[in-house]
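Enquirer: So I've got this file, coords.tsv, and it contains TSV, C-alpha atoms and all ligand atoms:
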```
chain	number	residue	atom	x	y	z
V	209	MET	CA	-193.34	73.95	231.18
V	210	ASN	CA	-194.51	77.18	229.68
V	211	ALA	CA	-193.92	77.61	225.97
V	212	PRO	CA	-191.14	80.14	225.27
V	213	HIS	CA	-192.48	83.65	224.94
V	214	PRO	CA	-192.71	84.67	221.26
V	215	ALA	CA	-190.76	87.86	221.96
V	216	ALA	CA	-187.97	85.84	223.61
V	217	MET	CA	-187.84	83.50	220.61
V	218	GLN	CA	-187.77	86.43	218.24
V	219	ARG	CA	-184.84	87.94	220.16
V	220	GLU	CA	-182.88	84.69	220.31
V	221	GLN	CA	-183.33	84.32	216.58
V	222	LEU	CA	-182.12	87.91	216.07
V	223	TYR	CA	-178.98	87.26	218.18
V	224	ARG	CA	-178.18	84.08	216.25
V	225	ASP	CA	-178.73	85.62	212.85
V	226	MET	CA	-176.59	88.72	213.43
V	227	SER	CA	-173.79	86.99	215.31
V	228	PRO	CA	-171.83	86.13	212.12
V	229	LEU	CA	-171.59	89.88	211.48
V	230	ASN	CA	-170.00	90.31	214.93
V	231	LEU	CA	-173.05	92.12	216.25
V	232	THR	CA	-174.41	91.62	219.74
V	233	PRO	CA	-177.19	93.35	221.71
V	234	LEU	CA	-176.16	95.90	224.32
V	235	TRP	CA	-179.32	95.40	226.38
V	236	GLU	CA	-178.21	91.90	227.42
V	237	VAL	CA	-174.97	93.21	228.98
V	238	LEU	CA	-175.73	96.81	229.91
V	239	HIS	CA	-175.87	96.35	233.71
V	240	ALA	CA	-172.60	94.42	233.72
V	241	LEU	CA	-170.93	97.12	231.60
V	242	VAL	CA	-171.94	99.97	233.90
V	243	PRO	CA	-172.36	98.39	237.34
V	244	PRO	CA	-173.64	100.55	240.20
V	245	GLN	CA	-170.21	100.24	241.81
V	246	PRO	CA	-166.84	98.70	240.91
V	247	THR	CA	-166.93	94.91	240.59
V	248	THR	CA	-163.26	93.98	240.59
V	249	PRO	CA	-162.39	90.32	240.16
V	250	CYS	CA	-159.34	90.92	242.41
V	251	VAL	CA	-159.20	89.63	245.95
V	252	PRO	CA	-157.18	90.83	248.95
V	253	ALA	CA	-154.02	88.79	249.56
V	254	LEU	CA	-150.90	88.80	251.72
V	255	TRP	CA	-147.45	87.37	250.96
V	256	ASN	CA	-145.60	86.53	254.16
V	257	TYR	CA	-141.91	87.25	253.62
V	258	GLY	CA	-140.81	84.32	255.77
V	259	GLU	CA	-142.74	82.01	253.45
V	260	VAL	CA	-141.67	83.72	250.21
V	261	ARG	CA	-137.96	84.21	250.94
V	262	PRO	CA	-136.96	80.51	250.71
V	263	PHE	CA	-138.42	80.40	247.19
V	264	LEU	CA	-136.51	83.54	246.22
V	265	MET	CA	-133.30	81.92	247.48
V	266	ARG	CA	-134.12	78.73	245.57
V	267	ALA	CA	-134.63	80.86	242.47
V	268	GLY	CA	-131.15	82.23	243.20
V	269	GLU	CA	-129.79	78.67	242.92
V	270	ALA	CA	-131.93	77.74	239.93
V	271	ILE	CA	-131.02	80.61	237.59
V	272	THR	CA	-128.56	83.50	237.40
V	273	ALA	CA	-129.77	87.08	237.15
V	274	GLU	CA	-128.17	87.34	233.74
V	275	GLU	CA	-129.84	84.24	232.34
V	276	ALA	CA	-133.19	85.24	233.80
V	277	VAL	CA	-132.66	88.85	232.60
V	278	ARG	CA	-134.71	89.75	235.69
V	279	ARG	CA	-134.86	87.14	238.47
V	280	VAL	CA	-138.28	87.94	239.86
V	281	LEU	CA	-141.08	86.04	241.57
V	282	ILE	CA	-144.30	87.71	240.47
V	283	LEU	CA	-146.89	88.45	243.16
V	284	GLU	CA	-150.02	87.33	241.35
V	285	ASN	CA	-153.45	88.15	242.61
V	286	PRO	CA	-155.02	84.78	243.55
V	287	ALA	CA	-157.99	85.68	241.34
V	288	LEU	CA	-155.78	86.65	238.37
V	289	ARG	CA	-153.40	83.68	238.14
V	290	GLY	CA	-151.50	83.54	234.89
V	291	GLN	CA	-151.98	87.25	234.16
V	292	SER	CA	-148.80	88.59	235.82
V	293	ALA	CA	-150.95	91.10	237.68
V	294	ILE	CA	-151.61	91.95	241.34
V	295	THR	CA	-154.57	94.13	240.36
V	296	GLN	CA	-156.15	94.64	236.94
V	297	SER	CA	-153.82	97.59	236.33
V	298	LEU	CA	-150.71	96.85	238.44
V	299	TYR	CA	-147.83	94.42	238.32
V	300	ALA	CA	-145.75	93.57	241.42
V	301	GLY	CA	-142.84	91.19	241.93
V	302	LEU	CA	-139.92	90.51	244.25
V	303	GLN	CA	-136.54	90.68	242.55
V	304	LEU	CA	-133.35	89.03	243.85
V	305	ILE	CA	-129.80	89.93	242.95
V	306	LEU	CA	-126.80	88.12	244.42
V	307	PRO	CA	-123.27	89.43	245.01
V	308	GLY	CA	-121.39	90.08	241.77
V	309	GLU	CA	-124.41	89.52	239.52
V	310	VAL	CA	-125.62	91.71	236.68
V	311	ALA	CA	-129.15	92.11	235.30
V	312	PRO	CA	-128.45	93.41	231.78
V	313	ALA	CA	-129.43	96.85	230.48
V	314	HIS	CA	-132.67	97.30	228.57
V	315	ARG	CA	-135.47	99.80	228.28
V	316	HIS	CA	-139.23	99.70	227.83
V	317	THR	CA	-142.19	102.05	227.78
V	318	GLN	CA	-143.50	100.53	231.01
V	319	SER	CA	-142.49	102.58	234.07
V	320	ALA	CA	-141.01	100.80	237.09
V	321	LEU	CA	-140.57	101.54	240.75
V	322	ARG	CA	-138.25	99.67	243.09
V	323	PHE	CA	-138.85	99.54	246.80
V	324	ILE	CA	-135.91	98.01	248.63
V	325	VAL	CA	-136.92	95.18	250.97
V	326	GLU	CA	-133.71	93.44	252.10
V	327	GLY	CA	-129.97	94.03	251.82
V	328	THR	CA	-127.73	97.00	251.09
V	329	GLY	CA	-125.22	97.58	248.34
V	330	ALA	CA	-126.90	96.52	245.12
V	331	TYR	CA	-127.45	99.28	242.62
V	332	THR	CA	-129.64	100.14	239.71
V	333	ALA	CA	-128.25	102.31	236.93
V	334	VAL	CA	-130.71	104.55	235.12
V	335	ASP	CA	-129.60	106.68	232.19
V	336	GLY	CA	-125.95	106.35	233.21
V	337	GLU	CA	-126.44	107.14	236.92
V	338	ARG	CA	-126.25	104.48	239.60
V	339	SER	CA	-128.40	104.56	242.72
V	340	THR	CA	-127.19	102.43	245.62
V	341	MET	CA	-130.03	100.52	247.25
V	342	ARG	CA	-130.79	100.61	250.96
V	343	PRO	CA	-133.87	99.10	252.65
V	344	GLY	CA	-136.82	101.49	252.43
V	345	ASP	CA	-135.48	103.49	249.46
V	346	PHE	CA	-137.99	104.25	246.69
V	347	ILE	CA	-136.26	104.21	243.30
V	348	ILE	CA	-137.72	105.12	239.90
V	349	THR	CA	-137.02	103.81	236.41
V	350	PRO	CA	-138.72	106.29	234.07
V	351	SER	CA	-140.42	105.05	230.89
V	352	TRP	CA	-137.98	104.33	228.03
V	353	THR	CA	-134.78	104.83	230.06
V	354	PHE	CA	-132.02	102.22	229.90
V	355	HIS	CA	-131.58	100.44	233.20
V	356	ASP	CA	-129.44	97.62	234.53
V	357	HIS	CA	-128.96	96.27	238.03
V	358	GLY	CA	-125.86	94.93	239.73
V	359	SER	CA	-124.57	94.10	243.16
V	360	ASP	CA	-121.41	94.84	245.11
V	361	ALA	CA	-123.19	93.68	248.28
V	362	ASP	CA	-121.95	90.77	250.36
V	363	GLY	CA	-125.36	89.11	250.59
V	364	PRO	CA	-128.66	88.86	248.75
V	365	VAL	CA	-130.54	92.05	247.91
V	366	VAL	CA	-134.30	91.89	247.36
V	367	TRP	CA	-136.64	94.60	246.20
V	368	LEU	CA	-140.28	95.03	245.25
V	369	ASP	CA	-140.82	95.91	241.60
V	370	GLY	CA	-144.01	97.84	240.83
V	371	LEU	CA	-144.81	98.36	237.17
V	372	ASP	CA	-147.71	99.63	235.06
V	373	ILE	CA	-147.46	96.54	232.82
V	374	PRO	CA	-151.20	95.68	232.75
V	375	MET	CA	-152.07	99.31	231.94
V	376	VAL	CA	-149.60	99.55	229.09
V	377	ARG	CA	-150.78	96.15	227.84
V	378	PHE	CA	-154.38	97.40	227.95
V	379	PHE	CA	-153.44	100.33	225.74
V	380	ASP	CA	-151.32	98.09	223.45
V	381	ALA	CA	-148.54	100.64	223.83
V	382	GLY	CA	-145.57	98.53	224.92
V	383	PHE	CA	-142.15	98.73	223.30
V	384	ALA	CA	-138.86	97.33	224.58
V	385	GLU	CA	-135.26	96.91	223.48
V	386	ASN	CA	-131.96	95.65	224.85
V	387	ALA	CA	-128.96	97.94	225.17
V	388	GLY	CA	-125.78	97.24	223.24
V	389	ALA	CA	-123.79	96.65	226.44
V	390	LYS	CA	-124.74	94.58	229.49
V	391	THR	CA	-124.05	97.45	231.87
V	392	GLN	CA	-124.11	101.18	231.35
V	393	ALA	CA	-120.98	103.23	231.68
V	394	ALA	CA	-121.28	105.65	234.60
V	395	ALA	CA	-122.00	109.10	233.17
V	396	ARG	CA	-122.40	110.80	236.57
V	397	PRO	CA	-121.75	109.77	240.19
V	398	ASP	CA	-124.40	108.18	242.42
V	399	GLY	CA	-126.59	110.88	243.99
V	400	THR	CA	-126.34	113.49	241.22
V	401	SER	CA	-130.08	113.54	240.51
V	402	PHE	CA	-130.79	113.92	244.24
V	403	ALA	CA	-128.27	116.76	244.53
V	404	ARG	CA	-129.93	118.56	241.62
V	405	PHE	CA	-133.55	118.05	242.52
V	406	GLY	CA	-133.81	116.54	246.03
V	407	HIS	CA	-133.19	119.55	248.26
V	408	ASN	CA	-136.18	121.79	247.51
V	409	MET	CA	-134.06	123.42	244.84
V	410	ALA	CA	-133.66	122.89	241.10
V	411	PRO	CA	-131.17	123.88	238.43
V	412	VAL	CA	-131.95	127.41	237.26
V	413	ARG	CA	-132.33	126.64	233.56
V	414	HIS	CA	-133.63	123.09	233.77
V	415	GLU	CA	-136.10	121.24	231.64
V	416	SER	CA	-137.85	118.18	233.00
V	417	PRO	CA	-135.32	115.55	231.88
V	418	TYR	CA	-137.80	112.64	232.01
V	419	GLY	CA	-141.01	114.28	230.90
V	420	ALA	CA	-143.88	113.48	233.25
V	421	THR	CA	-141.61	111.45	235.55
V	422	SER	CA	-139.68	112.87	238.50
V	423	PRO	CA	-136.03	113.73	237.84
V	424	ILE	CA	-135.13	112.16	241.22
V	425	PHE	CA	-134.08	108.55	240.73
V	426	SER	CA	-133.93	107.62	244.41
V	427	TYR	CA	-135.97	108.88	247.37
V	428	PRO	CA	-133.92	107.71	250.37
V	429	TYR	CA	-135.70	106.08	253.29
V	430	GLU	CA	-133.66	108.10	255.76
V	431	ARG	CA	-135.44	111.27	254.64
V	432	SER	CA	-138.95	109.79	254.44
V	433	ARG	CA	-138.63	108.18	257.84
V	434	GLU	CA	-137.34	111.36	259.45
V	435	ALA	CA	-140.36	113.28	258.13
V	436	LEU	CA	-142.85	110.69	259.39
V	437	GLU	CA	-141.21	110.50	262.82
V	438	GLN	CA	-141.28	114.22	263.24
V	439	LEU	CA	-144.91	114.46	262.16
V	440	GLU	CA	-145.94	111.64	264.48
V	441	CYS	CA	-144.60	113.65	267.41
V	442	HIS	CA	-145.67	117.14	266.39
V	443	ALA	CA	-148.72	116.99	264.12
V	444	PRO	CA	-152.22	115.51	264.35
V	445	VAL	CA	-152.44	111.81	263.49
V	446	ASP	CA	-155.09	111.10	260.82
V	447	ALA	CA	-157.80	108.71	262.05
V	448	TRP	CA	-157.72	106.69	258.79
V	449	ASP	CA	-154.10	106.87	257.65
V	450	GLY	CA	-152.01	107.57	260.74
V	451	VAL	CA	-149.24	109.77	259.40
V	452	LYS	CA	-149.24	109.39	255.62
V	453	LEU	CA	-147.30	111.30	252.99
V	454	ARG	CA	-147.22	110.95	249.24
V	455	TYR	CA	-143.99	111.15	247.29
V	456	VAL	CA	-143.76	114.14	244.94
V	457	ASN	CA	-142.13	115.17	241.71
V	458	PRO	CA	-140.29	118.31	242.91
V	459	LEU	CA	-140.72	120.00	239.52
V	460	THR	CA	-144.51	119.79	239.55
V	461	GLY	CA	-145.66	118.97	243.08
V	462	GLY	CA	-147.56	116.10	241.45
V	463	TRP	CA	-146.91	112.37	241.46
V	464	PRO	CA	-143.35	111.21	240.78
V	465	MET	CA	-144.60	108.81	238.10
V	466	PRO	CA	-147.43	109.40	235.63
V	467	THR	CA	-149.03	105.99	236.19
V	468	LEU	CA	-148.06	105.02	239.75
V	469	GLY	CA	-148.78	106.94	242.94
V	470	THR	CA	-146.49	106.18	245.87
V	471	PHE	CA	-146.96	106.70	249.58
V	472	MET	CA	-145.29	106.10	252.91
V	473	GLN	CA	-147.11	106.06	256.21
V	474	ARG	CA	-146.43	105.53	259.87
V	475	LEU	CA	-149.02	103.94	262.15
V	476	PRO	CA	-148.18	105.00	265.69
V	477	ALA	CA	-148.11	102.38	268.47
V	478	GLY	CA	-151.67	101.70	269.59
V	479	PHE	CA	-153.20	102.96	266.31
V	480	GLY	CA	-156.65	101.59	265.47
V	481	GLY	CA	-157.60	103.11	262.12
V	482	GLN	CA	-161.03	104.01	260.76
V	483	PRO	CA	-162.23	102.20	257.59
V	484	TRP	CA	-162.05	103.63	254.08
V	485	ARG	CA	-162.46	102.56	250.50
V	486	GLN	CA	-161.04	103.97	247.29
V	487	THR	CA	-161.21	103.12	243.60
V	488	ASP	CA	-157.45	102.66	243.30
V	489	GLY	CA	-156.42	99.19	244.42
V	490	ALA	CA	-153.15	99.46	246.39
V	491	VAL	CA	-150.10	97.29	247.01
V	492	TYR	CA	-148.34	97.57	250.39
V	493	SER	CA	-144.79	96.73	251.45
V	494	VAL	CA	-144.24	96.61	255.21
V	495	VAL	CA	-141.04	98.46	256.00
V	496	GLU	CA	-140.80	98.18	259.77
V	497	GLY	CA	-142.90	96.91	262.65
V	498	GLU	CA	-146.09	94.90	262.76
V	499	GLY	CA	-149.79	95.47	262.38
V	500	GLU	CA	-153.03	94.20	261.00
V	501	VAL	CA	-155.23	94.99	258.01
V	502	LEU	CA	-158.92	94.13	258.01
V	503	VAL	CA	-160.60	94.09	254.59
V	504	GLU	CA	-164.34	93.76	253.98
V	505	HIS	CA	-166.23	93.44	250.72
V	506	GLN	CA	-169.78	92.29	250.03
V	507	GLY	CA	-170.10	90.34	253.26
V	508	GLN	CA	-166.66	88.74	253.03
V	509	GLN	CA	-163.84	89.50	255.46
V	510	TRP	CA	-160.10	89.10	255.31
V	511	ARG	CA	-157.86	89.72	258.31
V	512	PHE	CA	-154.10	89.75	257.71
V	513	ALA	CA	-151.50	90.15	260.45
V	514	PHE	CA	-148.38	91.61	258.86
V	515	GLY	CA	-144.74	92.08	259.81
V	516	ALA	CA	-141.68	93.67	258.25
V	517	ARG	CA	-141.09	92.76	254.56
V	518	ASP	CA	-144.56	91.27	254.09
V	519	HIS	CA	-146.61	92.44	251.11
V	520	PHE	CA	-150.35	92.75	250.71
V	521	VAL	CA	-152.91	94.06	248.24
V	522	VAL	CA	-156.19	95.87	248.91
V	523	PRO	CA	-158.33	95.80	245.72
V	524	SER	CA	-160.52	98.59	244.41
V	525	TRP	CA	-163.52	99.61	246.51
V	526	HIS	CA	-162.79	97.10	249.26
V	527	THR	CA	-163.27	98.57	252.72
V	528	ALA	CA	-160.02	98.45	254.69
V	529	ARG	CA	-158.76	99.49	258.08
V	530	LEU	CA	-155.24	99.39	259.47
V	531	SER	CA	-154.11	98.93	263.03
V	532	SER	CA	-150.86	98.46	264.86
V	533	ALA	CA	-150.25	97.69	268.53
V	534	THR	CA	-146.53	98.43	268.44
V	535	GLY	CA	-146.24	100.86	265.51
V	536	CYS	CA	-145.15	100.28	261.93
V	537	VAL	CA	-144.13	101.92	258.65
V	538	LEU	CA	-145.82	101.04	255.34
V	539	PHE	CA	-144.89	101.86	251.76
V	540	SER	CA	-147.68	101.60	249.19
V	541	PHE	CA	-148.38	102.25	245.54
V	542	SER	CA	-151.48	102.40	243.38
V	543	ASP	CA	-152.73	103.66	240.01
V	544	ARG	CA	-154.25	106.78	241.58
V	545	PRO	CA	-152.51	109.24	239.20
V	546	VAL	CA	-154.39	107.64	236.29
V	547	HIS	CA	-157.75	107.72	238.13
V	548	GLN	CA	-157.17	111.39	238.85
V	549	ALA	CA	-156.09	112.21	235.31
V	550	LEU	CA	-159.29	110.58	234.04
V	551	GLY	CA	-161.43	112.29	236.69
V	552	ILE	CA	-162.73	108.96	238.03
V	553	HIS	CA	-160.96	108.74	241.38
V	554	LYS	CA	-163.27	108.23	244.32
V	555	GLU	CA	-162.53	107.77	247.99
V	556	GLU	CA	-164.84	107.31	250.95
V	557	ARG	CA	-163.77	107.68	254.52
V	558	LEU	CA	-166.13	105.66	256.70
V	559	SER	CA	-166.41	105.31	260.45
V	601	LIG	C1	-138.25	94.80	234.29
V	601	LIG	O1	-137.59	95.39	233.30
V	601	LIG	C2	-137.73	94.80	235.57
V	601	LIG	O2	-135.92	96.19	235.01
V	601	LIG	C3	-138.43	94.19	236.59
V	601	LIG	O3	-135.88	95.21	236.91
V	601	LIG	C4	-139.61	93.57	236.36
V	601	LIG	C5	-141.35	92.91	234.83
V	601	LIG	C6	-141.85	92.86	233.58
V	601	LIG	C7	-141.21	93.47	232.54
V	601	LIG	C8	-140.02	94.13	232.75
V	601	LIG	C9	-136.42	95.45	235.85
V	601	LIG	C10	-140.16	93.55	235.08
V	601	LIG	C11	-139.47	94.17	234.03
```
Mind turning the file's structure into structure tokens?
Ligand code: 1HN

Expert:
Amino acid sequence: MNAPHPAAMQREQLYRDMSPLNLTPLWEVLHALVPPQPTTPCVPALWNYGEVRPFLMRAGEAITAEEAVRRVLILENPALRGQSAITQSLYAGLQLILPGEVAPAHRHTQSALRFIVEGTGAYTAVDGERSTMRPGDFIITPSWTFHDHGSDADGPVVWLDGLDIPMVRFFDAGFAENAGAKTQAAARPDGTSFARFGHNMAPVRHESPYGATSPIFSYPYERSREALEQLECHAPVDAWDGVKLRYVNPLTGGWPMPTLGTFMQRLPAGFGGQPWRQTDGAVYSVVEGEGEVLVEHQGQQWRFAFGARDHFVVPSWHTARLSSATGCVLFSFSDRPVHQALGIHKEERLS
């Protein structure tokens, strides 16, 4: 055994002596603080809907929507158990509402998206306007708007909730409150926001009613699907993405939500995509069809076959490629708007 180097002993003594003053040396942690590339703790994961659904239905027997406030099974990243997070910045969960139930009105600074997975005829009411849910619809709850959910459907309705909870927690900027009443009185009929803002037109003397968030509450699947189908037939198919569109705030052309970027894409039958990586970890909801995602990171590989209603997550800077023998449609969301606002978004298209 060599005797400890005097310089090493001197340093250790320094660290010990200054620790009570809450001082610590940067040089011991510098490389970990500014790694040469992202070192996310998150791992890729897939939730098979056939495996998840029985637990959702059991949750439906175990607790009412009203007692639960929100009856949700959180999709937790396997490497972040206990943190209510699917990536370091994103929350995702599957919410169930049964016929006749009510999830009471509240509001919070966290923004939420709903992507409808199963069932038709539930609704969410935002700021006094109901949006009826149909599979594939993308629905927004802007920050600090009262919202409640209910169901006039004749069966279960399930949707994916995507929220910026970990981001807002990081900034210690979360507020929430319950509304006086369980449900909001209808101030306007279903579809009013879409009539005002969803037809490439806008009220002449409008202001953005929800600040940085889109004034459209619901982006119907019918319209998104029609666009993708038409583009698949009549426009070049991207070698990485297939046919991929991002949702827009019609007032700005930017993202519909300040913290969450949302996308829908169609992989044509026989599509074998090229690999890419990007700093924004993304959560996918399979809308229709089947396919496969291959993820690679630092010598590890994950291969997930997916079908309709499955969910999967591709973490930051993991190389991914998508393929589909028979064709499929994917919805996805990520924190890309925040990366872009901070000027730190990076994407590499590989081959
Ligand atoms: C929330 O308010 C909803 O309104 C869903 O449906 C999920 C997760 C954490 C905090 C609030 C909803 C949520 C949530």

Enquirer: Under the rule of at most 9 Å, produce a per-residue listing of chain V near ligand LIG 601 (chain V): chain, number, name, the closest pair of atoms, and the distance in Å, as CSV, using all atoms listed in the file.

Expert:
```
residue,atom,partner,partner_atom,distance
V:Val277,CA,V:LIG601,O1,8.2
V:Arg278,CA,V:LIG601,O3,5.7
V:Arg279,CA,V:LIG601,C3,8.1
V:Val280,CA,V:LIG601,C4,6.8
V:Ile282,CA,V:LIG601,C5,8.2
V:Ser292,CA,V:LIG601,C6,8.5
V:Tyr299,CA,V:LIG601,C5,7.5
V:Ala300,CA,V:LIG601,C5,8.0
V:Gly301,CA,V:LIG601,C4,6.9
V:Leu302,CA,V:LIG601,C4,8.5
V:Gln303,CA,V:LIG601,C3,7.2
V:Ala311,CA,V:LIG601,O3,7.6
V:Pro312,CA,V:LIG601,O2,8.6
V:Ala313,CA,V:LIG601,O2,7.9
V:His314,CA,V:LIG601,O1,7.1
V:Arg315,CA,V:LIG601,O1,7.0
V:His316,CA,V:LIG601,O1,7.2
V:Gln318,CA,V:LIG601,C8,7.5
V:Ser319,CA,V:LIG601,O1,8.7
V:Ala320,CA,V:LIG601,C2,7.0
V:Leu321,CA,V:LIG601,C3,8.7
V:Arg322,CA,V:LIG601,O3,8.0
V:Thr332,CA,V:LIG601,O3,8.4
V:Thr349,CA,V:LIG601,O2,7.8
V:Phe354,CA,V:LIG601,O2,8.8
V:His355,CA,V:LIG601,O2,6.3
V:Asp356,CA,V:LIG601,O2,6.7
V:His357,CA,V:LIG601,O3,7.1
V:Leu368,CA,V:LIG601,C3,8.9
V:Asp369,CA,V:LIG601,C3,5.8
V:Gly370,CA,V:LIG601,C4,7.6
V:Leu371,CA,V:LIG601,C5,6.9
V:Ile373,CA,V:LIG601,C6,6.8
V:Ala384,CA,V:LIG601,C8,8.9
```

Enquirer: Any idea what the distance is between atom CA of V:Thr534 and atom CA of V:Gly450?

Expert: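 It comes out at 13.1 Å.
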
Enquirer: Determine the nearest neighbour of V:Leu502 from the options V:Met226, V:Ala394, V:Leu530, V:Val521, counting all atoms listed in the file.

Expert: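 Checking each candidate against V:Leu502, we get V:Leu530 as the closest.
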
Enquirer: Interatomic distance between atom CA of V:Glu434 and atom CA of V:Arg474?

Expert: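 These atoms are spaced 10.8 Å apart.
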
Enquirer: If I put a ball of radius 9 Å at (-155.5, 102.8, 259.1) in the file's coordinates, which residues poke into it when counting only C-alpha atoms, written as a list in words?

Expert: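 Nearby residues: Asp446, Ala447, Trp448, Asp449, Gly450, Leu475, Phe479, Gly480, Gly481, Gln482, Pro483, Trp484, Val501, Ala528, Arg529, Leu530, Ser531 and Ser532 of chain V.
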
Enquirer: How would the residues just picked look written out with C-alpha atoms as a PDB file, in the coordinates of the input?

Expert:
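What landed in out.pdb:
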```pdb
ATOM      1  CA  ASP V 446    -155.090 111.100 260.820  1.00  0.00           C
ATOM      2  CA  ALA V 447    -157.800 108.710 262.050  1.00  0.00           C
ATOM      3  CA  TRP V 448    -157.720 106.690 258.790  1.00  0.00           C
ATOM      4  CA  ASP V 449    -154.100 106.870 257.650  1.00  0.00           C
ATOM      5  CA  GLY V 450    -152.010 107.570 260.740  1.00  0.00           C
ATOM      6  CA  LEU V 475    -149.020 103.940 262.150  1.00  0.00           C
ATOM      7  CA  PHE V 479    -153.200 102.960 266.310  1.00  0.00           C
ATOM      8  CA  GLY V 480    -156.650 101.590 265.470  1.00  0.00           C
ATOM      9  CA  GLY V 481    -157.600 103.110 262.120  1.00  0.00           C
ATOM     10  CA  GLN V 482    -161.030 104.010 260.760  1.00  0.00           C
ATOM     11  CA  PRO V 483    -162.230 102.200 257.590  1.00  0.00           C
ATOM     12  CA  TRP V 484    -162.050 103.630 254.080  1.00  0.00           C
ATOM     13  CA  VAL V 501    -155.230  94.990 258.010  1.00  0.00           C
ATOM     14  CA  ALA V 528    -160.020  98.450 254.690  1.00  0.00           C
ATOM     15  CA  ARG V 529    -158.760  99.490 258.080  1.00  0.00           C
ATOM     16  CA  LEU V 530    -155.240  99.390 259.470  1.00  0.00           C
ATOM     17  CA  SER V 531    -154.110  98.930 263.030  1.00  0.00           C
ATOM     18  CA  SER V 532    -150.860  98.460 264.860  1.00  0.00           C
TER      19      SER V 532
END
```

Enquirer: Identify which of the residues V:Gln486, V:Thr317, V:Gln291, V:Ser359 lies closest to V:Ile305, counting all atoms listed in the file when measuring atom-to-atom distances.

Expert: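 Smallest separation from V:Ile305 among the options: V:Ser359.
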
Enquirer: Enclose stretch 520-525 of chain V, meaning all of its atoms listed in the file, in a box aligned along x, y and z, pad it by 8 Å on each side, and list the centre and edge lengths in Å to one decimal, as JSON.

Expert:
```
{"center_x": -156.9, "center_y": 96.2, "center_z": 247.6, "size_x": 29.2, "size_y": 22.9, "size_z": 22.3}
```

Enquirer: Quote the spacing between atom CA of V:Pro374 and atom CA of V:Thr467 in Å to one decimal place.

Expert: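 Atom CA of V:Pro374 sits 11.1 Å away from atom CA of V:Thr467.
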
Enquirer: Counting only C-alpha atoms, which of V:Ile324, V:Ile348, V:Met409, V:Leu558 gets nearest to V:Phe539?

Expert: V:Ile324

Enquirer: Can you pull out the residues contacting stretch 402-408 of chain V? Cut-off 7 Å, using all atoms listed in the file, and skip same-chain residues under 4 positions away; I want them as a PyMOL selection string.

Expert: chain V and resi 423-424+458
